[in-house]
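S.K.: Please read through the structure below; I'll follow up with questions.
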Amino acid sequence: MTTHDIKLAEQLSATTLLRFATAGSVDDGKSTLVGRLLHDSKSILTDQLEAVEHASRSRGQETPDLALLTDGLRAEREQGITIDVAYRYFATPRRRFILADTPGHVQYTRNMVTGASTAELAVVLVDARNGVVEQTRRHAAVAALLRVPHVVLAVNKMDLVDYAEPVFAAIAEEFTAYAASLGVPEVTAIPISALAGDNVVDPSANMDWYGGPTVLEHLETVPSSHDLTGCHARLPVQYVIRPQTAEHPDYRGYAGQIAAGTFRVGEQVTVLPAGRTSKIAGIDLLGESVDIAWTPQSVTLLLEDDIDISRGDLIVPSGDAPATTQDVEATVCHVADQPLAVGQRVLLKHTTRTVKAIVKDIPSRLTLDDLSQHPNPGQLVANDIGRVTVRTAEPLALDSYADSRRTGSFLLIDPADGTTLAAGMVGDSFVATAAAVQATDAVRDDEGWDF
């Protein structure tokens, strides 16, 4: 590894990024928690805080309503709810964050799918007075379905139950058991009061029985799921660079963002779906030549052979190439108001490749309340989650979603107006994973909530 590569690695490790999403039922305090995080970590500007204070006074509130920091739509501010996914960017000395504050209403479950699809951690809030409710279970199931690596159970409004440890313990135990049945690999339970600031950024003086991390401390220290060497290396080609200038008459580079894994100069690679092979002759990164590159860097690969490569092709190591197929079996979250029906013609967008497709079958629809399967529904409507079989006009190189969230996911699009119909995840749903986890954990009796 060159000195330049070492410096890049040091920069990457020194500025790790964590994407996380908040979820929970209506009025559980998601926006207030986010506002408290931003406020107490000093991640908001003075004029933003003044605007919130002014808006709060105009509504007759003596103290600033921190939820207004994220509820950006006028309808959200008027109703006191979250409708759209609100993205916020902030940083502490230890880590950078991209936060997605998602809605709690059942009718906006699809927005939770949008916010959690790229998240490495999900914070599921529960009102300590109400405990685990139907929407709590629904959001836990969506997090499991999307294979979010880390889940935090934030038991909020502890100030309204006199900071009672038994209340927290009962909720944490119930949620953890349900999450384990879904195959969620890790749950960290934290008792908080977002309104008062208990255990959000600073430890609470009202809950000396709790010895675990605050929300921010956990966010700063939870391991990032980015594995630079252990993933299947994948580079979706976004653009073919051919300057054909006097300075670069023969330059031919294949540019794109590395979706997963690591590429090295001299490595044998295969271009899919055609299956042609070559070797990496060079890697250009930020105008410089490097010997190694990894996700999520945007690079240009130079190959030893001039082969036909275009946008939408996938460059992979020759010894680790996924199979190509025209029959895609997947779980989809339907996000459009118009239904998705058997026989419907759609466009399927996978990484940088978009192909024509037809929905061949919808074998089942999932009921998230009790995880039962409704067979042969015929169609999926807004917020439905179901299994589908899609036949594509051209072969696609797909990974299982369990192996790669980037190259194992796709979108179904209405060819008439470009509306996104559904977000798909290739392979088994979380139910199969949960069954495997239950079988593995059957011999263990140490299940419980994590302090």
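Please note that chains go A, B, ... in the order of the structure tokens, that every chain numbers its residues from 1, and that ligands are numbered from 1 in the order shown.
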Near region 210-220 of chain A, within 6 Å and counting only C-alpha atoms, which residues show up once chain neighbours fewer than 6 positions away are dropped, as an NGL selection string?
M.R.: :A and (95 or 199-201 or 451)
S.K.: For the contact check between region 187-305 of chain A and region 146-168 of chain A, emit one row per residue of region 187-305 of chain A within 12 Å, containing the shortest atom pair and the distance in Å rounded to one decimal, counting only C-alpha atoms, chain then rising number order, as CSV.
M.R.:
residue,atom,partner,partner_atom,distance
A:Val187,CA,A:Val151,CA,4.9
A:Thr188,CA,A:Val152,CA,4.8
A:Ala189,CA,A:Leu153,CA,4.5
A:Ile190,CA,A:Ala154,CA,5.0
A:Pro191,CA,A:Val155,CA,4.8
A:Ile192,CA,A:Asn156,CA,4.9
A:Ser193,CA,A:Lys157,CA,4.7
A:Ala194,CA,A:Asn156,CA,6.5
A:Leu195,CA,A:Lys157,CA,7.5
A:Ala196,CA,A:Asp159,CA,7.8
A:Gly197,CA,A:Lys157,CA,10.0
A:Asp198,CA,A:Met158,CA,8.6
A:Asn199,CA,A:Ala154,CA,9.7
A:Val200,CA,A:Ala154,CA,9.4
A:Ser204,CA,A:Tyr163,CA,10.0
A:Ala205,CA,A:Tyr163,CA,10.3
A:Asn206,CA,A:Tyr163,CA,6.7
A:Met207,CA,A:Tyr163,CA,6.3
A:Asp208,CA,A:Glu165,CA,9.7
A:Trp209,CA,A:Glu165,CA,7.2
A:Tyr210,CA,A:Glu165,CA,8.2
A:Gly211,CA,A:Glu165,CA,11.8
A:Pro213,CA,A:Val152,CA,11.2
A:Thr214,CA,A:Ala154,CA,10.0
A:Val215,CA,A:Ala154,CA,8.1
A:Leu216,CA,A:Val152,CA,11.2
A:His218,CA,A:Val152,CA,8.9
A:Leu219,CA,A:Val152,CA,9.4
A:Thr221,CA,A:His150,CA,11.9
A:Val222,CA,A:His150,CA,8.2
A:Pro223,CA,A:His150,CA,9.0
A:Ser224,CA,A:Pro149,CA,9.1
A:Ser225,CA,A:Pro149,CA,7.1
A:His226,CA,A:Pro149,CA,10.7
S.K.: Produce a file of the selected residues containing N, CA, C and O atoms, as a CSV table (one decimal), in the first residue's frame.
M.R.:
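Result saved to out-v5.csv:
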chain,number,residue,atom,x,y,z
A,187,VAL,N,-30.0,-5.6,20.0
A,187,VAL,CA,-30.9,-4.6,20.5
A,187,VAL,C,-30.2,-4.0,21.8
A,187,VAL,O,-29.8,-4.7,22.7
A,188,THR,N,-30.1,-2.6,21.8
A,188,THR,CA,-29.6,-1.9,22.9
A,188,THR,C,-30.8,-1.1,23.5
A,188,THR,O,-31.3,-0.2,22.8
A,189,ALA,N,-31.2,-1.3,24.7
A,189,ALA,CA,-32.3,-0.6,25.3
A,189,ALA,C,-31.8,0.6,26.2
A,189,ALA,O,-30.9,0.4,27.0
A,190,ILE,N,-32.4,1.8,26.0
A,190,ILE,CA,-31.9,2.9,26.8
A,190,ILE,C,-33.1,3.7,27.3
A,190,ILE,O,-34.0,4.1,26.5
A,191,PRO,N,-33.2,3.9,28.6
A,191,PRO,CA,-34.4,4.7,29.1
A,191,PRO,C,-34.1,6.2,29.0
A,191,PRO,O,-33.0,6.7,29.4
A,192,ILE,N,-35.0,7.0,28.4
A,192,ILE,CA,-34.7,8.4,28.2
A,192,ILE,C,-35.9,9.2,28.5
A,192,ILE,O,-37.1,8.7,28.6
A,193,SER,N,-35.7,10.5,28.6
A,193,SER,CA,-36.7,11.6,28.5
A,193,SER,C,-36.2,12.6,27.5
A,193,SER,O,-35.3,13.4,27.8
A,194,ALA,N,-36.7,12.5,26.3
A,194,ALA,CA,-36.3,13.5,25.2
A,194,ALA,C,-36.6,14.9,25.6
A,194,ALA,O,-35.8,15.8,25.3
A,195,LEU,N,-37.7,15.1,26.2
A,195,LEU,CA,-38.2,16.5,26.6
A,195,LEU,C,-37.3,17.1,27.7
A,195,LEU,O,-36.9,18.2,27.6
A,196,ALA,N,-36.9,16.2,28.7
A,196,ALA,CA,-36.1,16.7,29.8
A,196,ALA,C,-34.6,16.6,29.5
A,196,ALA,O,-33.7,17.2,30.2
A,197,GLY,N,-34.2,15.7,28.5
A,197,GLY,CA,-32.8,15.5,28.2
A,197,GLY,C,-32.2,14.4,28.9
A,197,GLY,O,-30.9,14.2,28.8
A,198,ASP,N,-32.9,13.6,29.6
A,198,ASP,CA,-32.3,12.4,30.4
A,198,ASP,C,-31.8,11.4,29.4
A,198,ASP,O,-32.5,10.8,28.6
A,199,ASN,N,-30.5,11.1,29.5
A,199,ASN,CA,-29.8,10.0,28.8
A,199,ASN,C,-29.9,10.1,27.3
A,199,ASN,O,-29.7,9.2,26.6
A,200,VAL,N,-30.1,11.4,26.8
A,200,VAL,CA,-30.0,11.6,25.4
A,200,VAL,C,-28.6,12.0,25.0
A,200,VAL,O,-27.9,11.2,24.2
A,204,SER,N,-28.4,10.7,32.9
A,204,SER,CA,-29.5,11.2,33.8
A,204,SER,C,-29.2,11.1,35.3
A,204,SER,O,-28.7,10.0,35.7
A,205,ALA,N,-29.5,12.1,36.0
A,205,ALA,CA,-29.4,12.0,37.5
A,205,ALA,C,-30.6,11.4,38.1
A,205,ALA,O,-30.6,11.1,39.3
A,206,ASN,N,-31.7,11.2,37.3
A,206,ASN,CA,-32.9,10.6,37.8
A,206,ASN,C,-33.0,9.1,37.7
A,206,ASN,O,-34.0,8.5,38.2
A,207,MET,N,-32.0,8.5,37.0
A,207,MET,CA,-32.1,7.0,36.8
A,207,MET,C,-30.7,6.4,37.1
A,207,MET,O,-30.0,5.9,36.2
A,208,ASP,N,-30.3,6.5,38.4
A,208,ASP,CA,-29.0,6.0,38.8
A,208,ASP,C,-29.0,4.4,38.7
A,208,ASP,O,-27.9,3.8,38.8
A,209,TRP,N,-30.1,3.8,38.5
A,209,TRP,CA,-30.2,2.3,38.4
A,209,TRP,C,-29.7,1.9,37.0
A,209,TRP,O,-29.4,0.7,36.7
A,210,TYR,N,-29.6,2.9,36.0
A,210,TYR,CA,-29.2,2.6,34.7
A,210,TYR,C,-27.7,2.9,34.5
A,210,TYR,O,-27.3,4.0,34.8
A,211,GLY,N,-26.9,1.9,34.1
A,211,GLY,CA,-25.5,2.1,34.0
A,211,GLY,C,-25.0,2.0,32.5
A,211,GLY,O,-23.8,2.0,32.3
A,213,PRO,N,-24.9,3.3,28.2
A,213,PRO,CA,-24.6,4.6,27.5
A,213,PRO,C,-25.8,5.5,27.3
A,213,PRO,O,-27.0,5.0,27.3
A,214,THR,N,-25.5,6.7,27.1
A,214,THR,CA,-26.6,7.6,26.6
A,214,THR,C,-26.8,7.3,25.1
A,214,THR,O,-26.0,6.6,24.5
A,215,VAL,N,-27.8,7.9,24.5
A,215,VAL,CA,-28.1,7.7,23.1
A,215,VAL,C,-26.9,8.2,22.3
A,215,VAL,O,-26.5,7.5,21.4
A,216,LEU,N,-26.4,9.4,22.5
A,216,LEU,CA,-25.3,9.9,21.7
A,216,LEU,C,-24.1,9.1,21.9
A,216,LEU,O,-23.3,8.8,21.0
A,218,HIS,N,-23.8,6.0,22.6
A,218,HIS,CA,-24.0,4.7,21.8
A,218,HIS,C,-23.8,5.0,20.3
A,218,HIS,O,-23.1,4.2,19.6
A,219,LEU,N,-24.4,6.1,19.8
A,219,LEU,CA,-24.3,6.4,18.4
A,219,LEU,C,-22.8,6.7,18.0
A,219,LEU,O,-22.4,6.3,16.9
A,221,THR,N,-20.2,5.3,19.4
A,221,THR,CA,-19.2,4.2,19.7
A,221,THR,C,-19.7,2.9,19.0
A,221,THR,O,-18.9,1.9,18.9
A,222,VAL,N,-20.9,2.8,18.5
A,222,VAL,CA,-21.4,1.6,17.9
A,222,VAL,C,-20.5,1.3,16.6
A,222,VAL,O,-20.2,2.2,15.9
A,223,PRO,N,-20.1,0.0,16.4
A,223,PRO,CA,-19.3,-0.3,15.2
A,223,PRO,C,-20.0,0.1,14.0
A,223,PRO,O,-21.2,-0.3,13.8
A,224,SER,N,-19.3,0.7,13.0
A,224,SER,CA,-19.9,0.9,11.7
A,224,SER,C,-19.9,-0.4,10.9
A,224,SER,O,-19.0,-1.2,11.1
A,225,SER,N,-20.9,-0.6,10.1
A,225,SER,CA,-21.0,-1.8,9.4
A,225,SER,C,-20.2,-1.9,8.2
A,225,SER,O,-20.1,-2.9,7.5
A,226,HIS,N,-19.5,-0.8,7.8
A,226,HIS,CA,-18.6,-0.8,6.7
A,226,HIS,C,-17.4,-1.7,6.9
A,226,HIS,O,-16.6,-1.5,7.7
S.K.: For Cys333 (chain A), which residue among A:Val271, A:Asn111, A:Val240, A:Ala357 is the nearest when counting only C-alpha atoms?
M.R.: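 Smallest distance to Cys333 (chain A) is found for A:Asn111.
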S.K.: Quick check, in Å to one decimal: how far apart do CA of Thr407 (chain A) and CA of Gly256 (chain A) lie?
M.R.: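 CA of Gly256 (chain A) lies at a distance of 13.6 Å from CA of Thr407 (chain A).
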S.K.: Rank A:Thr351, A:Ser372, A:Gln338, A:Thr325 by their smallest atom-to-atom distance to Val390 (chain A), using only C-alpha atoms, and report the top residue only.
M.R.: A:Thr325
S.K.: Excluding Asp313 (chain A) and residues on its chain fewer than 3 positions from it, collect all residues at most 12 Å away from it, counting only C-alpha atoms, and give them as a PyMOL selection string.
M.R.: chain A and resi 234-240+254-256+270-276+307-310+316+324+350-355+394-398
S.K.: What would the file look like if the residues just selected were written as a tab-separated table (two decimals), in the first residue's frame with C-alpha atoms?
M.R.:
chain	number	residue	atom	x	y	z
A	234	ARG	CA	-18.76	-4.71	-6.79
A	235	LEU	CA	-18.42	-1.68	-9.09
A	236	PRO	CA	-21.53	-0.66	-11.07
A	237	VAL	CA	-20.30	1.27	-14.12
A	238	GLN	CA	-21.85	4.72	-14.20
A	239	TYR	CA	-19.88	6.35	-17.00
A	240	VAL	CA	-17.31	5.37	-19.63
A	254	TYR	CA	-14.86	2.94	-16.31
A	255	ALA	CA	-16.12	5.28	-13.61
A	256	GLY	CA	-18.48	4.59	-10.75
A	270	THR	CA	-15.23	-10.06	-14.86
A	271	VAL	CA	-17.71	-7.68	-16.49
A	272	LEU	CA	-21.33	-8.73	-16.08
A	273	PRO	CA	-23.75	-9.61	-17.55
A	274	ALA	CA	-21.61	-10.33	-20.65
A	275	GLY	CA	-19.05	-12.34	-18.66
A	276	ARG	CA	-15.90	-10.95	-20.34
A	307	ILE	CA	-13.71	-4.78	-24.12
A	308	ASP	CA	-17.26	-3.59	-24.65
A	309	ILE	CA	-18.41	-2.05	-21.38
A	310	SER	CA	-21.22	0.46	-20.92
A	316	VAL	CA	-16.57	-7.90	-10.08
A	324	THR	CA	-26.91	-13.64	-13.72
A	350	HIS	CA	-30.63	-2.21	-10.21
A	351	THR	CA	-27.60	-0.06	-9.32
A	352	THR	CA	-26.90	1.88	-12.56
A	353	ARG	CA	-28.80	-0.53	-14.85
A	354	THR	CA	-32.48	-0.14	-15.81
A	355	VAL	CA	-34.28	-2.89	-17.75
A	394	GLU	CA	-32.20	-8.68	-19.96
A	395	PRO	CA	-30.00	-10.66	-17.53
A	396	LEU	CA	-29.07	-9.01	-14.25
A	397	ALA	CA	-26.18	-9.74	-11.89
A	398	LEU	CA	-27.84	-9.75	-8.48
S.K.: From the DSSP assignment of the backbone, select every residue of region 356-430 of chain A that is strand (DSSP E), and format the answer as a VMD selection string.
M.R.: chain A and resid 356 to 367 372 to 375 379 to 380 385 to 397 409 to 413 420 to 426
S.K.: Taking only region 88-163 of chain A into account, list the residues labelled alpha helix (DSSP H) by DSSP (computed from the backbone), as a PDB file with all heavy atoms, in the first residue's frame.
M.R.:
ATOM      1  N   THR A 109     -45.879   4.317   6.627  1.00  0.00           N
ATOM      2  CA  THR A 109     -44.897   3.253   6.863  1.00  0.00           C
ATOM      3  C   THR A 109     -43.888   3.187   5.722  1.00  0.00           C
ATOM      4  O   THR A 109     -42.703   2.917   5.926  1.00  0.00           O
ATOM      5  CB  THR A 109     -45.599   1.895   7.021  1.00  0.00           C
ATOM      6  OG1 THR A 109     -46.502   1.962   8.135  1.00  0.00           O
ATOM      7  CG2 THR A 109     -44.586   0.782   7.274  1.00  0.00           C
ATOM      8  N   ARG A 110     -44.342   3.441   4.500  1.00  0.00           N
ATOM      9  CA  ARG A 110     -43.438   3.404   3.342  1.00  0.00           C
ATOM     10  C   ARG A 110     -42.320   4.426   3.482  1.00  0.00           C
ATOM     11  O   ARG A 110     -41.224   4.224   2.978  1.00  0.00           O
ATOM     12  CB  ARG A 110     -44.225   3.652   2.059  1.00  0.00           C
ATOM     13  CG  ARG A 110     -45.048   4.936   2.082  1.00  0.00           C
ATOM     14  CD  ARG A 110     -45.973   5.039   0.892  1.00  0.00           C
ATOM     15  NE  ARG A 110     -46.894   6.164   1.014  1.00  0.00           N
ATOM     16  CZ  ARG A 110     -47.823   6.469   0.124  1.00  0.00           C
ATOM     17  NH1 ARG A 110     -47.935   5.737  -0.974  1.00  0.00           N
ATOM     18  NH2 ARG A 110     -48.625   7.479   0.304  1.00  0.00           N
ATOM     19  N   ASN A 111     -42.591   5.551   4.179  1.00  0.00           N
ATOM     20  CA  ASN A 111     -41.547   6.547   4.382  1.00  0.00           C
ATOM     21  C   ASN A 111     -40.490   6.039   5.359  1.00  0.00           C
ATOM     22  O   ASN A 111     -39.316   6.394   5.265  1.00  0.00           O
ATOM     23  CB  ASN A 111     -42.144   7.861   4.900  1.00  0.00           C
ATOM     24  CG  ASN A 111     -42.981   8.561   3.848  1.00  0.00           C
ATOM     25  OD1 ASN A 111     -43.446   7.926   2.912  1.00  0.00           O
ATOM     26  ND2 ASN A 111     -43.178   9.851   3.998  1.00  0.00           N
ATOM     27  N   MET A 112     -40.918   5.188   6.296  1.00  0.00           N
ATOM     28  CA  MET A 112     -39.950   4.570   7.200  1.00  0.00           C
ATOM     29  C   MET A 112     -39.038   3.641   6.421  1.00  0.00           C
ATOM     30  O   MET A 112     -37.829   3.547   6.684  1.00  0.00           O
ATOM     31  CB  MET A 112     -40.672   3.814   8.311  1.00  0.00           C
ATOM     32  CG  MET A 112     -39.764   3.346   9.442  1.00  0.00           C
ATOM     33  SD  MET A 112     -39.196   1.655   9.236  1.00  0.00           S
ATOM     34  CE  MET A 112     -38.187   1.428  10.698  1.00  0.00           C
ATOM     35  N   VAL A 113     -39.592   2.962   5.413  1.00  0.00           N
ATOM     36  CA  VAL A 113     -38.786   2.093   4.553  1.00  0.00           C
ATOM     37  C   VAL A 113     -37.731   2.926   3.839  1.00  0.00           C
ATOM     38  O   VAL A 113     -36.559   2.541   3.746  1.00  0.00           O
ATOM     39  CB  VAL A 113     -39.676   1.349   3.534  1.00  0.00           C
ATOM     40  CG1 VAL A 113     -38.829   0.596   2.521  1.00  0.00           C
ATOM     41  CG2 VAL A 113     -40.619   0.392   4.258  1.00  0.00           C
ATOM     42  N   THR A 114     -38.125   4.090   3.338  1.00  0.00           N
ATOM     43  CA  THR A 114     -37.184   4.970   2.650  1.00  0.00           C
ATOM     44  C   THR A 114     -36.054   5.395   3.575  1.00  0.00           C
ATOM     45  O   THR A 114     -34.870   5.336   3.217  1.00  0.00           O
ATOM     46  CB  THR A 114     -37.906   6.217   2.118  1.00  0.00           C
ATOM     47  OG1 THR A 114     -38.937   5.821   1.223  1.00  0.00           O
ATOM     48  CG2 THR A 114     -36.940   7.142   1.402  1.00  0.00           C
ATOM     49  N   GLY A 115     -36.390   5.813   4.788  1.00  0.00           N
ATOM     50  CA  GLY A 115     -35.375   6.314   5.709  1.00  0.00           C
ATOM     51  C   GLY A 115     -34.435   5.238   6.218  1.00  0.00           C
ATOM     52  O   GLY A 115     -33.251   5.492   6.452  1.00  0.00           O
ATOM     53  N   ALA A 116     -34.965   4.020   6.407  1.00  0.00           N
ATOM     54  CA  ALA A 116     -34.160   2.945   6.994  1.00  0.00           C
ATOM     55  C   ALA A 116     -33.410   2.124   5.956  1.00  0.00           C
ATOM     56  O   ALA A 116     -32.577   1.299   6.322  1.00  0.00           O
ATOM     57  CB  ALA A 116     -35.053   2.026   7.824  1.00  0.00           C
ATOM     58  N   GLU A 134     -48.747  -1.777  18.382  1.00  0.00           N
ATOM     59  CA  GLU A 134     -48.750  -2.377  17.044  1.00  0.00           C
ATOM     60  C   GLU A 134     -47.735  -1.721  16.115  1.00  0.00           C
ATOM     61  O   GLU A 134     -46.997  -2.401  15.398  1.00  0.00           O
ATOM     62  CB  GLU A 134     -50.150  -2.262  16.451  1.00  0.00           C
ATOM     63  CG  GLU A 134     -50.278  -2.781  15.023  1.00  0.00           C
ATOM     64  CD  GLU A 134     -51.688  -2.597  14.486  1.00  0.00           C
ATOM     65  OE1 GLU A 134     -52.645  -2.843  15.229  1.00  0.00           O
ATOM     66  OE2 GLU A 134     -51.802  -2.197  13.320  1.00  0.00           O
ATOM     67  N   GLN A 135     -47.666  -0.383  16.116  1.00  0.00           N
ATOM     68  CA  GLN A 135     -46.751   0.303  15.219  1.00  0.00           C
ATOM     69  C   GLN A 135     -45.294   0.080  15.627  1.00  0.00           C
ATOM     70  O   GLN A 135     -44.398   0.082  14.775  1.00  0.00           O
ATOM     71  CB  GLN A 135     -47.083   1.798  15.176  1.00  0.00           C
ATOM     72  CG  GLN A 135     -46.372   2.580  14.082  1.00  0.00           C
ATOM     73  CD  GLN A 135     -46.828   2.208  12.674  1.00  0.00           C
ATOM     74  OE1 GLN A 135     -47.446   1.176  12.459  1.00  0.00           O
ATOM     75  NE2 GLN A 135     -46.501   3.041  11.708  1.00  0.00           N
ATOM     76  N   THR A 136     -45.057  -0.135  16.929  1.00  0.00           N
ATOM     77  CA  THR A 136     -43.704  -0.476  17.373  1.00  0.00           C
ATOM     78  C   THR A 136     -43.264  -1.776  16.735  1.00  0.00           C
ATOM     79  O   THR A 136     -42.144  -1.907  16.226  1.00  0.00           O
ATOM     80  CB  THR A 136     -43.654  -0.611  18.904  1.00  0.00           C
ATOM     81  OG1 THR A 136     -44.223   0.537  19.514  1.00  0.00           O
ATOM     82  CG2 THR A 136     -42.213  -0.775  19.376  1.00  0.00           C
ATOM     83  N   ARG A 137     -44.161  -2.771  16.768  1.00  0.00           N
ATOM     84  CA  ARG A 137     -43.835  -4.071  16.173  1.00  0.00           C
ATOM     85  C   ARG A 137     -43.668  -3.943  14.655  1.00  0.00           C
ATOM     86  O   ARG A 137     -42.822  -4.603  14.060  1.00  0.00           O
ATOM     87  CB  ARG A 137     -44.927  -5.091  16.517  1.00  0.00           C
ATOM     88  CG  ARG A 137     -44.968  -5.481  17.989  1.00  0.00           C
ATOM     89  CD  ARG A 137     -45.918  -6.638  18.234  1.00  0.00           C
ATOM     90  NE  ARG A 137     -47.311  -6.223  18.081  1.00  0.00           N
ATOM     91  CZ  ARG A 137     -48.062  -5.746  19.074  1.00  0.00           C
ATOM     92  NH1 ARG A 137     -47.541  -5.616  20.286  1.00  0.00           N
ATOM     93  NH2 ARG A 137     -49.316  -5.402  18.866  1.00  0.00           N
ATOM     94  N   ARG A 138     -44.480  -3.097  14.037  1.00  0.00           N
ATOM     95  CA  ARG A 138     -44.386  -2.923  12.588  1.00  0.00           C
ATOM     96  C   ARG A 138     -43.026  -2.324  12.210  1.00  0.00           C
ATOM     97  O   ARG A 138     -42.376  -2.775  11.271  1.00  0.00           O
ATOM     98  CB  ARG A 138     -45.529  -2.032  12.096  1.00  0.00           C
ATOM     99  CG  ARG A 138     -45.536  -1.820  10.581  1.00  0.00           C
ATOM    100  CD  ARG A 138     -46.735  -1.016  10.133  1.00  0.00           C
ATOM    101  NE  ARG A 138     -47.971  -1.808  10.140  1.00  0.00           N
ATOM    102  CZ  ARG A 138     -48.938  -1.674  11.024  1.00  0.00           C
ATOM    103  NH1 ARG A 138     -48.836  -0.766  11.975  1.00  0.00           N
ATOM    104  NH2 ARG A 138     -50.013  -2.421  10.971  1.00  0.00           N
ATOM    105  N   HIS A 139     -42.582  -1.325  12.948  1.00  0.00           N
ATOM    106  CA  HIS A 139     -41.300  -0.702  12.641  1.00  0.00           C
ATOM    107  C   HIS A 139     -40.139  -1.635  12.952  1.00  0.00           C
ATOM    108  O   HIS A 139     -39.121  -1.627  12.242  1.00  0.00           O
ATOM    109  CB  HIS A 139     -41.158   0.609  13.415  1.00  0.00           C
ATOM    110  CG  HIS A 139     -41.971   1.731  12.838  1.00  0.00           C
ATOM    111  ND1 HIS A 139     -42.325   2.843  13.563  1.00  0.00           N
ATOM    112  CD2 HIS A 139     -42.509   1.901  11.611  1.00  0.00           C
ATOM    113  CE1 HIS A 139     -43.037   3.655  12.797  1.00  0.00           C
ATOM    114  NE2 HIS A 139     -43.166   3.093  11.611  1.00  0.00           N
ATOM    115  N   ALA A 140     -40.255  -2.441  13.995  1.00  0.00           N
ATOM    116  CA  ALA A 140     -39.214  -3.430  14.270  1.00  0.00           C
ATOM    117  C   ALA A 140     -39.120  -4.436  13.137  1.00  0.00           C
ATOM    118  O   ALA A 140     -38.026  -4.855  12.738  1.00  0.00           O
ATOM    119  CB  ALA A 140     -39.500  -4.138  15.590  1.00  0.00           C
ATOM    120  N   ALA A 141     -40.280  -4.828  12.597  1.00  0.00           N
ATOM    121  CA  ALA A 141     -40.289  -5.778  11.489  1.00  0.00           C
ATOM    122  C   ALA A 141     -39.667  -5.180  10.231  1.00  0.00           C
ATOM    123  O   ALA A 141     -38.937  -5.854   9.502  1.00  0.00           O
ATOM    124  CB  ALA A 141     -41.725  -6.229  11.214  1.00  0.00           C
ATOM    125  N   VAL A 142     -39.948  -3.902   9.966  1.00  0.00           N
ATOM    126  CA  VAL A 142     -39.358  -3.254   8.798  1.00  0.00           C
ATOM    127  C   VAL A 142     -37.839  -3.156   8.959  1.00  0.00           C
ATOM    128  O   VAL A 142     -37.083  -3.411   8.014  1.00  0.00           O
ATOM    129  CB  VAL A 142     -39.968  -1.853   8.583  1.00  0.00           C
ATOM    130  CG1 VAL A 142     -39.203  -1.082   7.523  1.00  0.00           C
ATOM    131  CG2 VAL A 142     -41.434  -1.975   8.173  1.00  0.00           C
ATOM    132  N   ALA A 143     -37.365  -2.818  10.160  1.00  0.00           N
ATOM    133  CA  ALA A 143     -35.924  -2.757  10.401  1.00  0.00           C
ATOM    134  C   ALA A 143     -35.282  -4.127  10.192  1.00  0.00           C
ATOM    135  O   ALA A 143     -34.186  -4.235   9.634  1.00  0.00           O
ATOM    136  CB  ALA A 143     -35.645  -2.248  11.818  1.00  0.00           C
ATOM    137  N   ALA A 144     -35.979  -5.177  10.617  1.00  0.00           N
ATOM    138  CA  ALA A 144     -35.454  -6.535  10.425  1.00  0.00           C
ATOM    139  C   ALA A 144     -35.468  -6.911   8.956  1.00  0.00           C
ATOM    140  O   ALA A 144     -34.523  -7.524   8.450  1.00  0.00           O
ATOM    141  CB  ALA A 144     -36.277  -7.531  11.243  1.00  0.00           C
ATOM    142  N   LEU A 145     -36.533  -6.546   8.270  1.00  0.00           N
ATOM    143  CA  LEU A 145     -36.650  -6.860   6.843  1.00  0.00           C
ATOM    144  C   LEU A 145     -35.539  -6.184   6.047  1.00  0.00           C
ATOM    145  O   LEU A 145     -34.956  -6.782   5.134  1.00  0.00           O
ATOM    146  CB  LEU A 145     -38.016  -6.403   6.325  1.00  0.00           C
ATOM    147  CG  LEU A 145     -38.308  -6.654   4.848  1.00  0.00           C
ATOM    148  CD1 LEU A 145     -38.466  -8.140   4.591  1.00  0.00           C
ATOM    149  CD2 LEU A 145     -39.570  -5.912   4.426  1.00  0.00           C
TER     150      LEU A 145
END
S.K.: What is the CA of Leu182 (chain A)-CA of Leu348 (chain A) distance in Å, reported with one decimal?
M.R.: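 Result for CA of Leu182 (chain A) versus CA of Leu348 (chain A): 28.0 Å, one decimal.
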S.K.: Within 8 Å of Leu411 (chain A), counting only C-alpha atoms, which residues show up once you throw out same-chain ones fewer than 6 positions away? Write them as a list in words, please.
M.R.: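 So, after excluding close chain neighbours, the residues are Leu348, Lys349, His350, Thr420, Leu421, Ala422, Ala423 and Gly424 of chain A.
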S.K.: Let me see the file: selected residues, N, CA and C atoms, as a CSV table (one decimal), in the first residue's frame.
M.R.:
chain,number,residue,atom,x,y,z
A,348,LEU,N,-37.2,-2.1,-14.0
A,348,LEU,CA,-36.5,-2.5,-12.8
A,348,LEU,C,-35.1,-1.9,-12.9
A,349,LYS,N,-34.9,-1.0,-11.8
A,349,LYS,CA,-33.6,-0.3,-11.7
A,349,LYS,C,-32.7,-1.0,-10.7
A,350,HIS,N,-31.6,-1.5,-11.1
A,350,HIS,CA,-30.6,-2.2,-10.2
A,350,HIS,C,-29.3,-1.5,-10.4
A,420,THR,N,-41.9,5.7,-8.7
A,420,THR,CA,-41.4,4.5,-8.0
A,420,THR,C,-42.5,3.7,-7.4
A,421,LEU,N,-42.6,2.5,-7.8
A,421,LEU,CA,-43.7,1.6,-7.3
A,421,LEU,C,-43.3,0.8,-6.1
A,422,ALA,N,-42.2,0.3,-6.0
A,422,ALA,CA,-41.8,-0.6,-4.9
A,422,ALA,C,-40.3,-0.7,-4.8
A,423,ALA,N,-39.8,-0.9,-3.6
A,423,ALA,CA,-38.4,-1.2,-3.3
A,423,ALA,C,-38.2,-2.6,-3.0
A,424,GLY,N,-37.3,-3.3,-3.7
A,424,GLY,CA,-37.2,-4.7,-3.6
A,424,GLY,C,-35.9,-5.2,-3.0
S.K.: Select, from A:Arg406, A:Arg345, A:Lys279, A:Arg391, the residue with the minimum atom-to-atom distance to Cys231 (chain A), counting only C-alpha atoms.
M.R.: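 For Cys231 (chain A), the nearest of the given residues is A:Arg406.
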